[in-house]
file model.cif (mmCIF, C-alpha atoms)
data_coords
#
loop_
_atom_site.label_atom_id
_atom_site.label_comp_id
_atom_site.auth_asym_id
_atom_site.auth_seq_id
_atom_site.Cartn_x
_atom_site.Cartn_y
_atom_site.Cartn_z
CA MET N 608 -82.01 -60.07 -36.47
CA MET N 609 -80.43 -62.97 -34.62
CA LEU N 610 -78.26 -63.74 -37.60
CA ARG N 611 -77.12 -60.16 -37.91
CA SER N 612 -76.02 -59.86 -34.29
CA LEU N 613 -74.28 -63.21 -34.61
CA GLN N 614 -72.56 -61.91 -37.72
CA SER N 615 -71.41 -58.73 -36.00
CA LEU N 616 -70.06 -60.81 -33.13
CA GLY N 617 -68.11 -62.86 -35.63
CA ARG N 618 -66.78 -59.78 -37.40
CA GLN N 619 -65.73 -58.30 -34.06
CA GLY N 620 -63.92 -61.52 -33.20
CA ILE N 621 -62.08 -61.67 -36.52
CA GLU N 622 -61.09 -58.01 -36.19
CA ASN N 623 -59.74 -58.53 -32.69
CA VAL N 624 -57.69 -61.52 -33.69
CA ALA N 625 -56.41 -59.66 -36.74
CA THR N 626 -55.39 -56.69 -34.58
CA LEU N 627 -53.57 -59.01 -32.19
CA GLY N 628 -51.75 -60.54 -35.13
CA ARG N 629 -50.83 -57.13 -36.53
CA ALA N 630 -49.55 -56.11 -33.09
CA GLY N 631 -47.37 -59.20 -32.93
CA ILE N 632 -45.91 -58.70 -36.41
CA PHE N 633 -45.40 -55.02 -35.59
CA LEU N 634 -43.45 -55.84 -32.42
CA ALA N 635 -41.29 -58.40 -34.19
CA ALA N 636 -40.56 -56.03 -37.07
CA SER N 637 -39.66 -53.16 -34.73
CA LEU N 638 -37.38 -55.36 -32.67
CA PHE N 639 -35.46 -56.27 -35.81
CA ALA N 640 -35.17 -52.54 -36.48
CA ILE N 641 -33.61 -51.82 -33.06
CA PRO N 642 -31.08 -49.06 -33.75
CA ARG N 643 -27.39 -49.83 -33.74
CA LEU N 644 -24.88 -47.52 -32.11
CA ALA N 645 -25.44 -44.80 -34.70
CA GLY N 646 -29.11 -44.61 -33.69
CA MET N 647 -28.33 -44.16 -30.00
CA PRO N 648 -29.02 -40.40 -29.94
CA LEU N 649 -32.62 -41.17 -30.92
CA VAL N 650 -32.96 -43.63 -28.03
CA ILE N 651 -31.42 -41.16 -25.61
CA ARG N 652 -33.85 -38.48 -26.68
CA GLN N 653 -36.77 -40.85 -26.08
CA LEU N 654 -35.32 -41.97 -22.76
CA TYR N 655 -35.35 -38.33 -21.77
CA ARG N 656 -38.98 -37.89 -22.74
CA GLU N 657 -40.28 -41.20 -21.37
CA GLY N 658 -38.00 -41.57 -18.39
CA VAL N 659 -36.61 -38.30 -17.11
CA LEU N 660 -39.84 -36.38 -17.63
CA SER N 661 -41.81 -39.10 -15.78
CA LEU N 662 -39.43 -38.85 -12.84
CA VAL N 663 -41.37 -36.17 -10.97
CA ILE N 664 -44.70 -37.98 -10.93
CA ILE N 665 -42.97 -41.24 -9.98
CA VAL N 666 -41.02 -39.72 -7.10
CA VAL N 667 -44.01 -37.80 -5.72
CA SER N 668 -46.39 -40.77 -5.89
CA GLY N 669 -43.76 -43.12 -4.50
CA LEU N 670 -43.19 -40.82 -1.57
CA PHE N 671 -46.87 -40.51 -0.75
CA ILE N 672 -47.63 -44.20 -1.22
CA GLY N 673 -44.76 -45.08 1.10
CA MET N 674 -45.99 -42.58 3.67
CA VAL N 675 -49.55 -43.93 3.52
CA LEU N 676 -48.24 -47.48 3.88
CA GLY N 677 -46.28 -46.40 6.93
CA LEU N 678 -49.27 -44.70 8.50
CA GLN N 679 -51.78 -47.47 7.77
CA GLY N 680 -49.35 -50.22 8.67
CA TYR N 681 -48.53 -48.55 11.95
CA THR N 682 -52.17 -48.10 13.04
CA ILE N 683 -52.91 -51.76 12.31
CA LEU N 684 -49.70 -53.26 13.69
CA VAL N 685 -49.61 -51.19 16.86
CA ASP N 686 -52.75 -53.02 18.06
CA TYR N 687 -50.71 -56.23 18.15
CA GLY N 688 -47.68 -54.56 19.63
CA SER N 689 -45.62 -55.44 16.59
CA GLU N 690 -45.11 -52.05 14.99
CA GLN N 691 -41.44 -52.93 14.38
CA ALA N 692 -42.65 -55.18 11.57
CA ILE N 693 -43.63 -52.04 9.67
CA GLY N 694 -40.34 -51.90 7.78
CA GLN N 695 -40.77 -55.41 6.52
CA MET N 696 -44.36 -54.69 5.50
CA ILE N 697 -43.51 -51.51 3.62
CA ALA N 698 -40.52 -52.97 1.84
CA LEU N 699 -42.20 -56.20 0.76
CA THR N 700 -45.35 -54.43 -0.46
CA LEU N 701 -43.34 -51.90 -2.44
CA VAL N 702 -40.68 -54.15 -3.87
CA ARG N 703 -42.97 -57.03 -4.81
CA GLU N 704 -46.19 -55.31 -5.86
CA LEU N 705 -46.74 -51.61 -5.65
CA GLY N 706 -43.41 -50.52 -7.11
CA PRO N 707 -43.75 -52.30 -10.46
CA VAL N 708 -47.55 -52.05 -10.72
CA VAL N 709 -48.16 -48.44 -9.76
CA THR N 710 -45.15 -47.31 -11.78
CA ALA N 711 -46.51 -49.14 -14.81
CA LEU N 712 -49.95 -47.58 -14.37
CA LEU N 713 -48.48 -44.10 -14.03
CA PHE N 714 -46.15 -44.75 -16.95
CA ALA N 715 -49.09 -45.78 -19.13
CA GLY N 716 -50.89 -42.58 -18.24
CA ARG N 717 -47.91 -40.26 -18.43
CA ALA N 718 -45.68 -41.61 -21.20
CA GLY N 719 -47.86 -44.20 -22.96
CA SER N 720 -50.65 -41.79 -23.85
CA ALA N 721 -48.12 -39.25 -25.10
CA LEU N 722 -46.48 -41.88 -27.31
CA THR N 723 -49.78 -42.89 -28.85
CA ALA N 724 -50.86 -39.31 -29.50
CA GLU N 725 -47.49 -38.35 -30.97
CA ILE N 726 -47.23 -41.29 -33.34
CA GLY N 727 -50.91 -40.97 -34.17
CA LEU N 728 -50.50 -37.34 -35.18
CA MET N 729 -47.45 -38.24 -37.24
CA LYS N 730 -49.60 -40.77 -39.04
CA ALA N 731 -52.53 -38.37 -39.44
CA THR N 732 -50.32 -35.65 -40.91
CA GLU N 733 -48.66 -38.27 -43.11
CA GLN N 734 -45.21 -37.73 -41.66
CA LEU N 735 -44.75 -41.48 -41.44
CA SER N 736 -45.55 -41.97 -45.12
CA SER N 737 -43.30 -39.09 -46.13
CA LEU N 738 -40.45 -40.69 -44.18
CA GLU N 739 -41.07 -43.84 -46.14
CA MET N 740 -41.09 -41.82 -49.38
CA MET N 741 -37.67 -40.48 -48.46
CA GLY N 742 -36.46 -44.03 -48.00
CA VAL N 743 -36.27 -43.83 -44.20
CA ASP N 744 -37.81 -46.78 -42.43
CA PRO N 745 -40.28 -45.34 -39.89
CA LEU N 746 -39.98 -48.49 -37.80
CA ARG N 747 -36.27 -47.87 -37.40
CA ARG N 748 -36.42 -44.10 -37.14
CA ILE N 749 -39.58 -43.55 -35.08
CA ILE N 750 -40.86 -46.76 -33.50
CA ALA N 751 -37.83 -48.77 -32.44
CA PRO N 752 -36.15 -45.99 -30.39
CA ARG N 753 -39.42 -45.37 -28.53
CA LEU N 754 -39.88 -49.06 -27.78
CA LEU N 755 -36.32 -49.50 -26.60
CA ALA N 756 -36.47 -46.39 -24.42
CA GLY N 757 -39.71 -47.61 -22.85
CA PHE N 758 -38.22 -51.03 -22.10
CA MET N 759 -35.33 -49.34 -20.31
CA ALA N 760 -37.21 -46.52 -18.60
CA LEU N 761 -39.90 -48.48 -16.75
CA PRO N 762 -37.63 -50.80 -14.70
CA LEU N 763 -35.45 -47.84 -13.72
CA LEU N 764 -38.51 -45.83 -12.70
CA ALA N 765 -39.93 -48.76 -10.72
CA MET N 766 -36.72 -49.12 -8.72
CA ILE N 767 -36.65 -45.41 -7.98
CA PHE N 768 -40.31 -45.64 -6.93
CA SER N 769 -39.59 -48.44 -4.47
CA VAL N 770 -36.62 -46.69 -2.91
CA VAL N 771 -38.49 -43.41 -2.51
CA GLY N 772 -41.46 -45.32 -1.08
CA VAL N 773 -39.35 -47.10 1.51
CA TRP N 774 -37.80 -43.78 2.44
CA GLY N 775 -41.27 -42.18 2.76
CA GLY N 776 -42.43 -45.04 4.95
CA LYS N 777 -39.35 -44.68 7.10
CA MET N 778 -40.05 -40.95 7.44
CA VAL N 779 -43.56 -41.58 8.77
CA GLY N 780 -42.84 -44.75 10.74
CA VAL N 781 -39.52 -43.88 12.31
CA ASP N 782 -39.19 -40.12 12.32
CA TRP N 783 -42.79 -39.26 13.02
CA LEU N 784 -44.47 -42.19 14.82
CA GLY N 785 -41.34 -43.27 16.67
CA VAL N 786 -40.71 -46.88 15.61
CA PHE N 787 -37.18 -47.83 16.61
CA GLU N 788 -34.96 -47.31 13.58
CA GLY N 789 -32.75 -50.35 14.20
CA SER N 790 -35.63 -52.78 14.18
CA PHE N 791 -37.17 -51.00 11.20
CA TRP N 792 -34.15 -51.75 9.00
CA GLY N 793 -33.29 -55.00 10.77
CA ASN N 794 -36.72 -56.59 10.24
CA MET N 795 -36.70 -55.37 6.68
CA GLN N 796 -33.33 -56.85 5.88
CA ALA N 797 -34.16 -60.12 7.60
CA SER N 798 -37.29 -60.65 5.55
CA VAL N 799 -36.52 -59.16 2.14
CA ASP N 800 -34.46 -61.46 -0.03
CA PHE N 801 -32.48 -59.90 -2.84
CA HIS N 802 -33.12 -62.67 -5.32
CA ASP N 803 -36.69 -63.68 -4.45
CA ASP N 804 -38.12 -60.24 -3.79
CA VAL N 805 -36.02 -57.49 -5.36
CA LEU N 806 -35.05 -59.27 -8.57
CA ASN N 807 -38.54 -60.70 -9.08
CA GLY N 808 -39.87 -57.15 -8.73
CA VAL N 809 -37.40 -55.99 -11.36
CA ILE N 810 -38.46 -58.83 -13.68
CA LYS N 811 -42.06 -57.76 -13.22
CA SER N 812 -41.28 -54.19 -14.15
CA VAL N 813 -39.35 -55.31 -17.24
CA VAL N 814 -42.40 -57.29 -18.37
CA PHE N 815 -44.68 -54.33 -17.69
CA GLY N 816 -42.31 -52.03 -19.56
CA VAL N 817 -42.45 -54.22 -22.65
CA VAL N 818 -46.23 -54.56 -22.52
CA CYS N 819 -47.00 -50.89 -21.82
CA THR N 820 -44.70 -49.46 -24.50
CA TRP N 821 -45.78 -52.09 -26.99
CA ILE N 822 -49.46 -51.24 -26.50
CA ALA N 823 -48.83 -47.49 -26.62
CA VAL N 824 -46.69 -47.52 -29.74
CA PHE N 825 -48.89 -50.01 -31.56
CA GLN N 826 -52.07 -48.08 -30.79
CA GLY N 827 -50.45 -44.98 -32.23
CA PHE N 828 -49.21 -46.79 -35.33
CA ASP N 829 -52.46 -48.64 -36.00
CA LEU N 830 -55.06 -45.93 -35.37
CA VAL N 831 -57.56 -44.41 -37.77
CA PRO N 832 -55.79 -41.18 -38.81
CA THR N 833 -58.44 -38.69 -37.75
CA SER N 834 -58.67 -36.49 -34.68
CA GLU N 835 -61.34 -38.79 -33.29
CA GLY N 836 -59.19 -41.81 -34.02
CA ILE N 837 -56.28 -40.29 -32.13
CA SER N 838 -58.38 -39.55 -29.09
CA SER N 839 -59.93 -43.01 -28.93
CA ALA N 840 -56.53 -44.67 -29.49
CA THR N 841 -55.06 -42.65 -26.63
CA THR N 842 -57.88 -43.79 -24.38
CA ARG N 843 -57.38 -47.38 -25.50
CA THR N 844 -53.69 -47.17 -24.68
CA VAL N 845 -54.37 -46.24 -21.07
CA VAL N 846 -57.23 -48.72 -20.63
CA TYR N 847 -55.48 -51.67 -22.27
CA SER N 848 -52.17 -50.99 -20.55
CA SER N 849 -53.79 -50.77 -17.13
CA LEU N 850 -55.80 -53.95 -17.63
CA ALA N 851 -52.81 -55.81 -19.06
CA VAL N 852 -50.58 -54.72 -16.18
CA LEU N 853 -53.07 -55.73 -13.50
CA GLY N 854 -53.87 -59.06 -15.15
CA LEU N 855 -50.24 -59.92 -15.82
CA ASP N 856 -49.34 -58.91 -12.29
CA PHE N 857 -51.61 -61.60 -10.91
CA ILE N 858 -50.14 -64.22 -13.22
CA LEU N 859 -46.55 -63.19 -12.49
CA THR N 860 -47.22 -63.13 -8.76
CA ALA N 861 -48.78 -66.59 -8.92
CA VAL N 862 -45.73 -67.90 -10.75
CA MET N 863 -43.12 -66.13 -8.60
CA PHE N 864 -44.56 -66.28 -5.11
CA GLY N 865 -47.29 -68.88 -5.57
CA GLU N 866 -45.61 -72.01 -4.23
CA LEU N 867 -47.08 -72.25 -0.78
CA MET K 598 -31.99 -31.27 -32.42
CA TYR K 599 -30.88 -32.83 -29.22
CA SER K 600 -28.52 -31.24 -26.82
CA ARG K 601 -25.97 -31.98 -24.17
CA ALA K 602 -28.49 -31.19 -21.43
CA ILE K 603 -30.70 -34.05 -22.55
CA GLU K 604 -27.81 -36.49 -22.63
CA LEU K 605 -26.78 -35.32 -19.21
CA ALA K 606 -30.29 -35.70 -17.80
CA VAL K 607 -30.57 -39.20 -19.22
CA GLY K 608 -27.21 -40.10 -17.73
CA VAL K 609 -28.34 -38.89 -14.33
CA PHE K 610 -31.61 -40.79 -14.74
CA ILE K 611 -29.86 -44.07 -15.50
CA LEU K 612 -27.48 -43.54 -12.59
CA LEU K 613 -30.45 -42.84 -10.30
CA GLY K 614 -32.15 -46.03 -11.41
CA LEU K 615 -29.07 -48.17 -10.91
CA GLY K 616 -28.41 -46.43 -7.61
CA ALA K 617 -31.94 -47.33 -6.56
CA LEU K 618 -31.28 -51.00 -7.37
CA PHE K 619 -28.06 -50.78 -5.37
CA LEU K 620 -29.93 -49.29 -2.40
CA LEU K 621 -32.64 -51.94 -2.63
CA ALA K 622 -29.95 -54.62 -2.60
CA LEU K 623 -27.87 -53.25 0.27
CA LYS K 624 -30.24 -51.34 2.50
CA VAL K 625 -33.57 -53.07 1.95
CA SER K 626 -32.66 -56.69 1.35
CA GLY K 627 -29.50 -56.55 3.44
CA LEU K 628 -27.29 -58.16 0.82
CA SER K 629 -23.76 -57.82 2.06
CA LEU K 630 -20.85 -57.19 -0.23
CA GLU K 631 -18.46 -59.51 1.53
CA SER K 632 -20.17 -62.60 0.16
CA ALA K 633 -21.36 -65.42 2.36
CA GLY K 634 -18.95 -67.68 0.49
CA GLN K 635 -16.96 -68.88 3.46
CA THR K 636 -19.17 -71.32 5.30
CA TYR K 637 -19.15 -74.86 6.55
CA ARG K 638 -21.99 -77.28 7.07
CA LEU K 639 -23.37 -78.86 10.19
CA TYR K 640 -26.32 -81.20 10.49
CA GLY K 641 -28.86 -81.78 13.20
CA GLU K 642 -31.63 -84.32 13.54
CA PHE K 643 -34.71 -82.98 15.23
CA SER K 644 -37.82 -84.82 16.37
CA ASP K 645 -39.96 -81.84 15.35
CA VAL K 646 -38.88 -78.79 13.35
CA GLY K 647 -42.19 -77.00 13.93
CA GLY K 648 -42.31 -74.00 11.65
CA LEU K 649 -38.59 -73.75 10.90
CA ARG K 650 -38.02 -72.57 7.35
CA VAL K 651 -35.17 -72.73 4.90
CA ARG K 652 -33.15 -69.49 5.23
CA GLY K 653 -34.13 -69.32 8.89
CA LYS K 654 -31.29 -68.07 11.03
CA VAL K 655 -28.88 -70.02 13.19
CA SER K 656 -27.74 -68.09 16.19
CA LEU K 657 -25.33 -68.37 19.07
CA ALA K 658 -26.09 -66.26 22.13
CA GLY K 659 -28.51 -64.29 19.97
CA VAL K 660 -25.90 -63.44 17.34
CA THR K 661 -26.64 -64.79 13.87
CA ILE K 662 -23.84 -67.11 12.76
CA GLY K 663 -25.48 -68.87 9.82
CA GLN K 664 -28.65 -70.00 8.18
CA VAL K 665 -30.72 -73.08 7.55
CA LYS K 666 -29.79 -74.52 4.15
CA SER K 667 -32.28 -77.34 3.79
CA ILE K 668 -34.76 -79.40 5.78
CA SER K 669 -35.51 -82.98 4.83
CA LEU K 670 -36.89 -86.16 6.36
CA ASP K 671 -34.38 -88.86 7.21
CA PRO K 672 -35.98 -92.16 6.11
CA GLN K 673 -34.05 -94.26 8.64
CA SER K 674 -34.55 -92.37 11.85
CA LEU K 675 -37.82 -90.72 10.75
CA LYS K 676 -36.50 -87.46 12.08
CA ALA K 677 -36.13 -84.11 10.40
CA LYS K 678 -32.62 -83.55 9.10
CA VAL K 679 -31.65 -79.89 9.12
CA GLU K 680 -28.63 -78.76 7.15
CA MET K 681 -27.08 -75.56 8.48
CA GLU K 682 -24.49 -73.27 6.91
CA ILE K 683 -22.28 -71.72 9.55
CA ARG K 684 -19.87 -68.84 8.92
CA SER K 685 -16.42 -70.34 8.81
CA ASP K 686 -14.94 -67.80 11.24
CA VAL K 687 -17.19 -69.37 13.88
CA ASN K 688 -15.08 -72.52 14.13
CA TYR K 689 -15.16 -72.95 17.87
CA LEU K 690 -18.46 -74.83 18.39
CA SER K 691 -17.57 -77.61 20.79
CA ARG K 692 -18.52 -81.21 20.03
CA ASP K 693 -21.10 -81.36 22.80
CA SER K 694 -23.00 -78.25 21.66
CA ILE K 695 -26.78 -78.41 21.73
CA ALA K 696 -29.00 -77.21 18.88
CA VAL K 697 -32.44 -76.07 19.96
CA ILE K 698 -35.26 -74.81 17.77
CA SER K 699 -36.75 -71.76 19.46
CA THR K 700 -39.12 -68.98 18.63
CA ALA K 701 -38.29 -65.30 18.31
CA GLY K 702 -40.78 -63.50 20.51
CA LEU K 703 -44.17 -64.99 21.28
CA LEU K 704 -45.38 -65.44 17.70
CA GLY K 705 -42.18 -64.80 15.81
CA GLU K 706 -40.34 -67.01 13.41
CA LYS K 707 -38.49 -70.18 14.35
CA TYR K 708 -34.72 -70.26 14.44
CA VAL K 709 -31.98 -72.62 15.56
CA ASP K 710 -30.28 -71.60 18.76
CA ILE K 711 -26.96 -73.19 19.62
CA SER K 712 -25.63 -73.54 23.14
CA VAL K 713 -21.95 -74.31 23.34
CA GLY K 714 -20.71 -76.98 25.71
CA GLY K 715 -17.32 -77.46 27.30
CA ASP K 716 -15.69 -80.05 25.06
CA GLU K 717 -12.19 -79.31 23.80
CA GLU K 718 -12.84 -80.76 20.36
CA THR K 719 -14.84 -78.67 17.90
CA LEU K 720 -17.44 -79.62 15.29
CA GLN K 721 -16.03 -79.95 11.79
CA ASP K 722 -17.63 -79.59 8.35
CA GLY K 723 -20.34 -82.21 7.72
CA GLU K 724 -20.69 -83.37 11.33
CA TYR K 725 -23.88 -83.81 13.34
CA PHE K 726 -24.99 -82.21 16.56
CA ASP K 727 -25.18 -84.98 19.15
CA SER K 728 -27.97 -83.53 21.17
CA THR K 729 -30.84 -81.54 19.74
CA GLN K 730 -34.16 -80.34 20.98
CA GLY K 731 -37.10 -79.90 18.63
CA ALA K 732 -39.62 -77.13 18.48
CA LEU K 733 -41.96 -76.76 21.40
CA ASN K 734 -45.33 -77.88 20.15
CA LEU K 735 -47.93 -76.06 22.17
CA GLU K 736 -50.82 -78.32 21.15
CA LYS K 737 -48.94 -81.49 22.10
CA LEU K 738 -47.97 -79.92 25.36
CA ILE K 739 -51.55 -79.02 26.19
CA SER K 740 -52.95 -82.40 25.18
CA ASN K 741 -50.30 -84.14 27.28
CA PHE K 742 -51.25 -81.92 30.12
CA ALA K 743 -54.98 -82.46 29.65
CA THR K 744 -54.89 -86.25 29.33
CA SER K 745 -52.10 -86.94 31.66
CA LYS K 746 -50.69 -88.23 34.63
CA LEU K 747 -49.91 -85.11 36.50
#
call {"tool": "encode", "arguments": {"input": "model.cif", "output": "structure tokens"}}
result
Amino acid sequence: MMLRSLQSLGRQGIENVATLGRAGIFLAASLFAIPRLAGMPLVIRQLYREGVLSLVIIVVSGLFIGMVLGLQGYTILVDYGSEQAIGQMIALTLVRELGPVVTALLFAGRAGSALTAEIGLMKATEQLSSLEMMGVDPLRRIIAPRLLAGFMALPLLAMIFSVVGVWGGKMVGVDWLGVFEGSFWGNMQASVDFHDDVLNGVIKSVVFGVVCTWIAVFQGFDLVPTSEGISSATTRTVVYSSLAVLGLDFILTAVMFGEL
Amino acid sequence: MYSRAIELAVGVFILLGLGALFLLALKVSGLSLESAGQTYRLYGEFSDVGGLRVRGKVSLAGVTIGQVKSISLDPQSLKAKVEMEIRSDVNYLSRDSIAVISTAGLLGEKYVDISVGGDEETLQDGEYFDSTQGALNLEKLISNFATSKL
């Protein structure tokens, strides 16, 4: 009994390590298959599906998150008579943390799950193997454009999220609650540094983009080709992406802003 | 299989994203296009810099004219040496100007405030402020007051 549970633990461990290895080889192989100029239409099509179609959810959530930040920030700061600092608070929170992180979480749910399900169904209906039979490399034709599009889409979405959020916060703080507009922008510009804050946020979102798309595409490529396999792989995509994003965010924040 | 509309939408999407970065740079972080390239350096030795930070502002009559470039300890005088970058169009700081570390608001951040004197000669690149006044240390002030000879 003891031995058996120990054995199953060992098997689980070996399987996990093997999956990680497969994922690494898969990423490396797909990156070598990145399409040249002739493959650009494929990338553009995926950019449309992963980026443009995610735009609505990103803009709406960015707007509301910015508005909530404005409202909450105002009610706390007004007690100390420093409600002008609201611009700085909103901008720093969005640019450093919420922009990249929330965008990545939404992206995993909106685009990542769709990628997994699509590739999974292609595998289940043997479209991937038939491509191979026809002498078309599925990594080049199917996987690489999706990876590349994901890498590009997430940073762009994160920047749009931050801008919309700042605008939403300005709407609540300045237009509704009556914070003076000059000090709103002035405090913000005095405290937000382009290199330290904005660019580090962009770097974060690039990292999240790579991780989220990688997980989504690999889960689709590696799943058990049954309907149950597709559903559990889709779930895994969202769960793993979210955990990876939140964990990595802490590490990246510690590296970027940690020196106190 | 894929149409012009998709290409167009993707183009707009990429433009939106880059536009957002542009807005973040200009509007949110206040990066100005006319680069801060033209500056000159002045130094000041302070007995106490308090909470002055690198990138803190240097102002004259409340107008920002530069920023703090670095803060280090001078091993000879045991004072804090503050390196300041001043915009080069502000080239009329007289030699007897005073640099004071003050606080914005009651709890705000520390900045260097410069009061101009009446000297004809002006401070040049790499020169030191003759007279400086460090940050007001509230605790020291209170302990002086409590223990002292008033």
call {"tool": "resolve_selection", "arguments": {"input": "model.cif", "expression": "the PyMOL selection byres ((chain K and resi 712) around 12)", "output": "PyMOL selection string"}}
result
chain K and resi 655-660+689-699+709-711+713-715+726+728-730
call {"tool": "atom_distance", "arguments": {"input": "model.cif", "atom1": "CA of Ser667 (chain K)", "atom2": "CA of Val625 (chain K)"}}
result
24.4 Å
call {"tool": "closest_residue", "arguments": {"input": "model.cif", "among": "N:Ile621, N:Ala756, N:Ile858, N:Leu627", "to": "Tyr655 (chain N)", "atoms": "all atoms listed in the file"}}
result
N:Ala756
call {"tool": "residues_around", "arguments": {"input": "model.cif", "residues": "Gln721 (chain K)", "least_positions_apart": "3", "cutoff": "8 Å", "atoms": "all atoms listed in the file", "output": "PyMOL selection string"}}
result
chain K and resi 637+639+688+724
call {"tool": "axis_aligned_box", "arguments": {"input": "model.cif", "around": "region 627-642 of chain N", "padding_each_side": "4 Å", "output": "lines of an AutoDock Vina configuration file"}}
result
center_x = -42.3
center_y = -54.8
center_z = -34.6
size_x = 30.5
size_y = 19.5
size_z = 12.9
call {"tool": "resolve_selection", "arguments": {"input": "model.cif", "expression": "the PyMOL selection byres ((chain K) within 12 of (chain N))", "output": "PDB file with C-alpha atoms, keeping the file's coordinate frame"}}
result
ATOM      1  CA  MET K 598     -31.990 -31.270 -32.420  1.00  0.00           C
ATOM      2  CA  TYR K 599     -30.880 -32.830 -29.220  1.00  0.00           C
ATOM      3  CA  SER K 600     -28.520 -31.240 -26.820  1.00  0.00           C
ATOM      4  CA  ARG K 601     -25.970 -31.980 -24.170  1.00  0.00           C
ATOM      5  CA  ALA K 602     -28.490 -31.190 -21.430  1.00  0.00           C
ATOM      6  CA  ILE K 603     -30.700 -34.050 -22.550  1.00  0.00           C
ATOM      7  CA  GLU K 604     -27.810 -36.490 -22.630  1.00  0.00           C
ATOM      8  CA  LEU K 605     -26.780 -35.320 -19.210  1.00  0.00           C
ATOM      9  CA  ALA K 606     -30.290 -35.700 -17.800  1.00  0.00           C
ATOM     10  CA  VAL K 607     -30.570 -39.200 -19.220  1.00  0.00           C
ATOM     11  CA  GLY K 608     -27.210 -40.100 -17.730  1.00  0.00           C
ATOM     12  CA  VAL K 609     -28.340 -38.890 -14.330  1.00  0.00           C
ATOM     13  CA  PHE K 610     -31.610 -40.790 -14.740  1.00  0.00           C
ATOM     14  CA  ILE K 611     -29.860 -44.070 -15.500  1.00  0.00           C
ATOM     15  CA  LEU K 612     -27.480 -43.540 -12.590  1.00  0.00           C
ATOM     16  CA  LEU K 613     -30.450 -42.840 -10.300  1.00  0.00           C
ATOM     17  CA  GLY K 614     -32.150 -46.030 -11.410  1.00  0.00           C
ATOM     18  CA  LEU K 615     -29.070 -48.170 -10.910  1.00  0.00           C
ATOM     19  CA  GLY K 616     -28.410 -46.430  -7.610  1.00  0.00           C
ATOM     20  CA  ALA K 617     -31.940 -47.330  -6.560  1.00  0.00           C
ATOM     21  CA  LEU K 618     -31.280 -51.000  -7.370  1.00  0.00           C
ATOM     22  CA  PHE K 619     -28.060 -50.780  -5.370  1.00  0.00           C
ATOM     23  CA  LEU K 620     -29.930 -49.290  -2.400  1.00  0.00           C
ATOM     24  CA  LEU K 621     -32.640 -51.940  -2.630  1.00  0.00           C
ATOM     25  CA  ALA K 622     -29.950 -54.620  -2.600  1.00  0.00           C
ATOM     26  CA  LEU K 623     -27.870 -53.250   0.270  1.00  0.00           C
ATOM     27  CA  LYS K 624     -30.240 -51.340   2.500  1.00  0.00           C
ATOM     28  CA  VAL K 625     -33.570 -53.070   1.950  1.00  0.00           C
ATOM     29  CA  SER K 626     -32.660 -56.690   1.350  1.00  0.00           C
ATOM     30  CA  GLY K 627     -29.500 -56.550   3.440  1.00  0.00           C
ATOM     31  CA  LEU K 628     -27.290 -58.160   0.820  1.00  0.00           C
ATOM     32  CA  SER K 629     -23.760 -57.820   2.060  1.00  0.00           C
ATOM     33  CA  ARG K 652     -33.150 -69.490   5.230  1.00  0.00           C
ATOM     34  CA  GLY K 653     -34.130 -69.320   8.890  1.00  0.00           C
ATOM     35  CA  LYS K 654     -31.290 -68.070  11.030  1.00  0.00           C
ATOM     36  CA  THR K 661     -26.640 -64.790  13.870  1.00  0.00           C
ATOM     37  CA  GLN K 664     -28.650 -70.000   8.180  1.00  0.00           C
ATOM     38  CA  ALA K 701     -38.290 -65.300  18.310  1.00  0.00           C
ATOM     39  CA  GLY K 702     -40.780 -63.500  20.510  1.00  0.00           C
ATOM     40  CA  LEU K 703     -44.170 -64.990  21.280  1.00  0.00           C
ATOM     41  CA  LEU K 704     -45.380 -65.440  17.700  1.00  0.00           C
ATOM     42  CA  GLY K 705     -42.180 -64.800  15.810  1.00  0.00           C
ATOM     43  CA  GLU K 706     -40.340 -67.010  13.410  1.00  0.00           C
TER      44      GLU K 706
END
call {"tool": "resolve_selection", "arguments": {"input": "model.cif", "expression": "the PyMOL selection byres ((chain N and resi 780) around 10)", "output": "MDAnalysis selection string"}}
result
chainID N and resid 673:681 690:691 693:694 697 774:779 781:788 791
call {"tool": "write_last_selection", "arguments": {"input": "model.cif", "atoms": "C-alpha atoms", "output": "compact mmCIF listing (two decimals), in the coordinates of the input"}}
result
# COMPACT_ATOMS: atom_id res chain seq x y z
CA GLY N 673 -44.76 -45.08 1.10
CA MET N 674 -45.99 -42.58 3.67
CA VAL N 675 -49.55 -43.93 3.52
CA LEU N 676 -48.24 -47.48 3.88
CA GLY N 677 -46.28 -46.40 6.93
CA LEU N 678 -49.27 -44.70 8.50
CA GLN N 679 -51.78 -47.47 7.77
CA GLY N 680 -49.35 -50.22 8.67
CA TYR N 681 -48.53 -48.55 11.95
CA GLU N 690 -45.11 -52.05 14.99
CA GLN N 691 -41.44 -52.93 14.38
CA ILE N 693 -43.63 -52.04 9.67
CA GLY N 694 -40.34 -51.90 7.78
CA ILE N 697 -43.51 -51.51 3.62
CA TRP N 774 -37.80 -43.78 2.44
CA GLY N 775 -41.27 -42.18 2.76
CA GLY N 776 -42.43 -45.04 4.95
CA LYS N 777 -39.35 -44.68 7.10
CA MET N 778 -40.05 -40.95 7.44
CA VAL N 779 -43.56 -41.58 8.77
CA VAL N 781 -39.52 -43.88 12.31
CA ASP N 782 -39.19 -40.12 12.32
CA TRP N 783 -42.79 -39.26 13.02
CA LEU N 784 -44.47 -42.19 14.82
CA GLY N 785 -41.34 -43.27 16.67
CA VAL N 786 -40.71 -46.88 15.61
CA PHE N 787 -37.18 -47.83 16.61
CA GLU N 788 -34.96 -47.31 13.58
CA PHE N 791 -37.17 -51.00 11.20
